[in-house]
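Working notes, beginning with the structure itself.
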Amino acid sequence: MRFLGNIEAKADAKGRVFLPAVFRKVLQAENVQTLVLRKDIHEDCLVLYPESVWNEQMDAMRQRLNRWDREQQQLFRQFVIDAEEVTLDANGRFLLSRRYQDMLGIEQSVRFIGIDDTIEIWSEEKARELDNARSDFSAKLESLMGGGTSSL
């Protein structure tokens with residue numbers, strides 16, 4: 001399951017947003033009914049996980065963490081404490097809780113960005129900051145991927 005796209009949307013007065021059709025089609029093709037939403041661990045955005053992807057993440061984390069180690073259990077707790085189960089209504093909408101809206105400064109406009117097997121949800125303001133950060137992208141990608149070693 002792969003998501004690809006950068007789509008603007010609006011939240012209504014109740015905080016409901018339409019999941020873009022291109023992403024709904026991917027979920028429908030995989031027969032995904034339940035999603036999990038949580039705040040990203042690095043950025044001021046939300047991450048929407050198909051349930052199977054979330055479960056894989058949880059299993060991988062649980063295998064690495066010792067539930068009898070207080071610090072590791074606290075780390076696991078901190079990861080899951082902000083997670084919410086999400087289901088789409090008949091119109092393809094879901095509710096962004098007031099807590100998440102306040103946490104991320106989401107007023108009305110949001111941007112959905114397909115990131116491999118998850119979907120990120122950004123406030124429009126933070127998404128513009130992403131757009132502005134593109135100047136370093138080429139150099140960083142070239143460095144990461146071993147640019148300059150071509151034998152042409």
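Identifiers in the structure tokens: chain A, B, ... in order shown; residue index from 1 per chain; ligand index from 1 in order shown.
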
Which residues, written as a ChimeraX atom specification, have at least one atom at most 8 Å from stretch 95-105 of chain A, with only C-alpha atoms counted and residues fewer than 4 positions away on the same chain left out? /A:14-17,39,44-45,86,122-123

Any idea what's packed within 6 Å of A:Val36, counting only C-alpha atoms, ignoring anything in its chain fewer than 5 positions away? Could you give it as a ChimeraX atom specification? /A:48-49,84-86

Output the selection as a compact mmCIF listing (two decimals), in the first residue's frame - N, CA, C and O atoms for each residue.
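Final output, result36.txt:
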```txt
# COMPACT_ATOMS: atom_id res chain seq x y z
N LEU A 48 -1.55 9.60 9.58
CA LEU A 48 -2.69 8.70 9.47
C LEU A 48 -2.17 7.36 8.97
O LEU A 48 -1.59 7.27 7.88
N TYR A 49 -2.34 6.33 9.80
CA TYR A 49 -1.86 4.98 9.50
C TYR A 49 -3.03 4.08 9.15
O TYR A 49 -4.00 4.02 9.92
N GLU A 84 -5.31 7.87 18.12
CA GLU A 84 -6.77 7.80 18.09
C GLU A 84 -7.20 6.94 16.91
O GLU A 84 -6.65 7.06 15.82
N GLU A 85 -8.19 6.10 17.13
CA GLU A 85 -8.75 5.31 16.04
C GLU A 85 -9.68 6.21 15.23
O GLU A 85 -10.43 7.01 15.79
N VAL A 86 -9.61 6.06 13.91
CA VAL A 86 -10.40 6.89 13.00
C VAL A 86 -11.13 5.99 12.02
O VAL A 86 -10.55 5.04 11.49
```

What's the 7 Å shell around A:Ile119, counting only C-alpha atoms, without same-chain residues fewer than 3 positions away, as JSON, numbers by chain? {"A": [3, 47, 48, 49, 112, 113, 114, 115]}

Excluding A:Ser52 and residues on its chain fewer than 6 positions from it, collect all residues at most 9 Å away from it, counting only C-alpha atoms, and give them as a PDB file with all heavy atoms, in the first residue's frame.
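Contents of out_29.pdb, as written:
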```pdb
ATOM      1  N   VAL A  32      -9.372  -1.456   3.632  1.00  0.00           N
ATOM      2  CA  VAL A  32      -9.041  -0.884   4.941  1.00  0.00           C
ATOM      3  C   VAL A  32     -10.258  -0.138   5.480  1.00  0.00           C
ATOM      4  O   VAL A  32     -10.791   0.755   4.818  1.00  0.00           O
ATOM      5  CB  VAL A  32      -7.825   0.075   4.843  1.00  0.00           C
ATOM      6  CG1 VAL A  32      -7.582   0.780   6.167  1.00  0.00           C
ATOM      7  CG2 VAL A  32      -6.597  -0.686   4.383  1.00  0.00           C
ATOM      8  N   THR A  34     -10.346   0.742   9.118  1.00  0.00           N
ATOM      9  CA  THR A  34      -9.942   1.488  10.300  1.00  0.00           C
ATOM     10  C   THR A  34      -8.569   2.109  10.090  1.00  0.00           C
ATOM     11  O   THR A  34      -7.675   1.488   9.518  1.00  0.00           O
ATOM     12  CB  THR A  34      -9.898   0.548  11.526  1.00  0.00           C
ATOM     13  OG1 THR A  34     -11.166  -0.085  11.668  1.00  0.00           O
ATOM     14  CG2 THR A  34      -9.582   1.312  12.794  1.00  0.00           C
ATOM     15  N   LEU A  35      -8.439   3.339  10.568  1.00  0.00           N
ATOM     16  CA  LEU A  35      -7.179   4.082  10.506  1.00  0.00           C
ATOM     17  C   LEU A  35      -6.795   4.496  11.913  1.00  0.00           C
ATOM     18  O   LEU A  35      -7.640   4.542  12.812  1.00  0.00           O
ATOM     19  CB  LEU A  35      -7.354   5.325   9.627  1.00  0.00           C
ATOM     20  CG  LEU A  35      -7.856   5.070   8.210  1.00  0.00           C
ATOM     21  CD1 LEU A  35      -8.401   6.353   7.597  1.00  0.00           C
ATOM     22  CD2 LEU A  35      -6.732   4.518   7.365  1.00  0.00           C
TER      23      LEU A  35
END
```

Restricting the calculation to only C-alpha atoms: of A:Gly5, A:Gly146, A:Pro50, A:Pro20, which residue gets closest to A:Arg93? A:Pro20

Distance query A:Ala90 at most 12 Å, only C-alpha atoms, self and fewer than 4 positions along chain excluded, as JSON, numbers by chain: {"A": [18, 19, 24, 33, 94]}

May I have the residues from that selection written out with N, CA, C and O atoms, as a short mmCIF file (atom, residue, chain, number, x, y, z; two decimals), in the first residue's frame?
```
data_model
loop_
_atom_site.label_atom_id
_atom_site.label_comp_id
_atom_site.auth_asym_id
_atom_site.auth_seq_id
_atom_site.Cartn_x
_atom_site.Cartn_y
_atom_site.Cartn_z
N PHE A 18 -12.55 15.83 4.60
CA PHE A 18 -12.66 14.77 3.62
C PHE A 18 -11.28 14.20 3.37
O PHE A 18 -10.34 14.95 3.07
N LEU A 19 -11.13 12.90 3.48
CA LEU A 19 -9.90 12.27 3.07
C LEU A 19 -9.90 12.31 1.55
O LEU A 19 -10.88 11.91 0.91
N ARG A 24 -8.48 7.59 -0.54
CA ARG A 24 -9.59 6.68 -0.25
C ARG A 24 -9.57 5.48 -1.20
O ARG A 24 -9.85 4.35 -0.80
N GLN A 33 -10.69 -0.50 6.67
CA GLN A 33 -11.84 0.12 7.30
C GLN A 33 -11.44 1.07 8.43
O GLN A 33 -12.11 2.06 8.68
N PHE A 94 -13.62 12.33 8.20
CA PHE A 94 -13.29 11.91 9.56
C PHE A 94 -13.10 13.16 10.40
O PHE A 94 -12.91 14.26 9.88
#
```

As a tab-separated table (two decimals) with C-alpha atoms, in the first residue's frame, please: every residue in stretch 18-127 of chain A that DSSP puts in alpha helix (DSSP H).
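For reference, part_14.tsv as written:
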```tsv
chain	number	residue	atom	x	y	z
A	21	ALA	CA	-10.35	10.57	-3.05
A	22	VAL	CA	-6.94	9.43	-4.32
A	23	PHE	CA	-6.12	8.15	-0.81
A	24	ARG	CA	-9.59	6.68	-0.25
A	25	LYS	CA	-9.18	4.63	-3.45
A	26	VAL	CA	-5.94	3.11	-2.12
A	27	LEU	CA	-7.64	2.23	1.17
A	28	GLN	CA	-10.69	0.77	-0.59
A	29	ALA	CA	-8.48	-1.36	-2.86
A	51	GLU	CA	-4.64	-0.19	10.78
A	52	SER	CA	-2.35	-2.90	9.37
A	53	VAL	CA	0.57	-0.45	9.10
A	54	TRP	CA	-0.06	0.79	12.64
A	55	ASN	CA	-0.12	-2.80	13.92
A	56	GLU	CA	3.19	-3.54	12.17
A	57	GLN	CA	4.72	-0.45	13.81
A	58	MET	CA	3.40	-1.48	17.20
A	59	ASP	CA	4.70	-5.04	16.80
A	60	ALA	CA	8.14	-3.80	15.73
A	61	MET	CA	8.29	-1.39	18.65
A	62	ARG	CA	7.07	-3.97	21.16
A	63	GLN	CA	9.75	-6.44	19.98
A	64	ARG	CA	12.48	-3.87	20.63
A	70	ARG	CA	10.32	1.41	33.28
A	71	GLU	CA	11.97	3.80	30.81
A	72	GLN	CA	11.15	1.65	27.81
A	73	GLN	CA	7.57	1.16	28.96
A	74	GLN	CA	7.24	4.94	29.36
A	75	LEU	CA	8.56	5.38	25.82
A	76	PHE	CA	5.98	2.93	24.49
A	77	ARG	CA	3.23	4.62	26.51
A	78	GLN	CA	4.22	8.02	25.17
A	79	PHE	CA	4.01	6.70	21.62
A	80	VAL	CA	0.52	5.23	21.97
A	81	ILE	CA	-1.00	7.82	24.30
A	98	ARG	CA	-10.11	19.69	18.91
A	99	ARG	CA	-7.01	18.53	20.80
A	100	TYR	CA	-5.14	17.87	17.55
A	101	GLN	CA	-6.43	21.03	15.92
A	102	ASP	CA	-5.17	23.11	18.85
A	103	MET	CA	-1.88	21.20	19.13
A	104	LEU	CA	-1.00	21.83	15.49
A	124	GLU	CA	-1.54	25.00	5.75
A	125	GLU	CA	0.92	27.32	7.55
A	126	LYS	CA	3.32	24.47	8.40
A	127	ALA	CA	2.95	23.03	4.90
```

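If only C-alpha atoms are the atoms counted, then among A:Asn31, A:Asn91, A:Thr118, A:Asn6 the closest residue to A:Leu46 is A:Thr118.
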
Can you pull out every residue from chain A that DSSP, working from the backbone, puts in strand (DSSP E), and format the result as number ranges by chain? A: 3-10, 16-18, 34-39, 46-50, 84-87, 93-95, 109-116, 118-123

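Taking atom CA of A:Ala9 and atom CA of A:Asp136 as endpoints, the distance between them is 27.0 Å.
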
Interatomic distance, atom CA of A:Ala139 to atom CA of A:Glu8 (Å, one decimal): 27.4 Å

Nearest to A:Leu4 by atom-to-atom distance, counting only C-alpha atoms, from A:Leu65, A:Thr87, A:Leu130, A:Asp117: A:Asp117

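Put simply, atom CA of A:Arg2 is 18.3 Å away from atom CA of A:Asp40.
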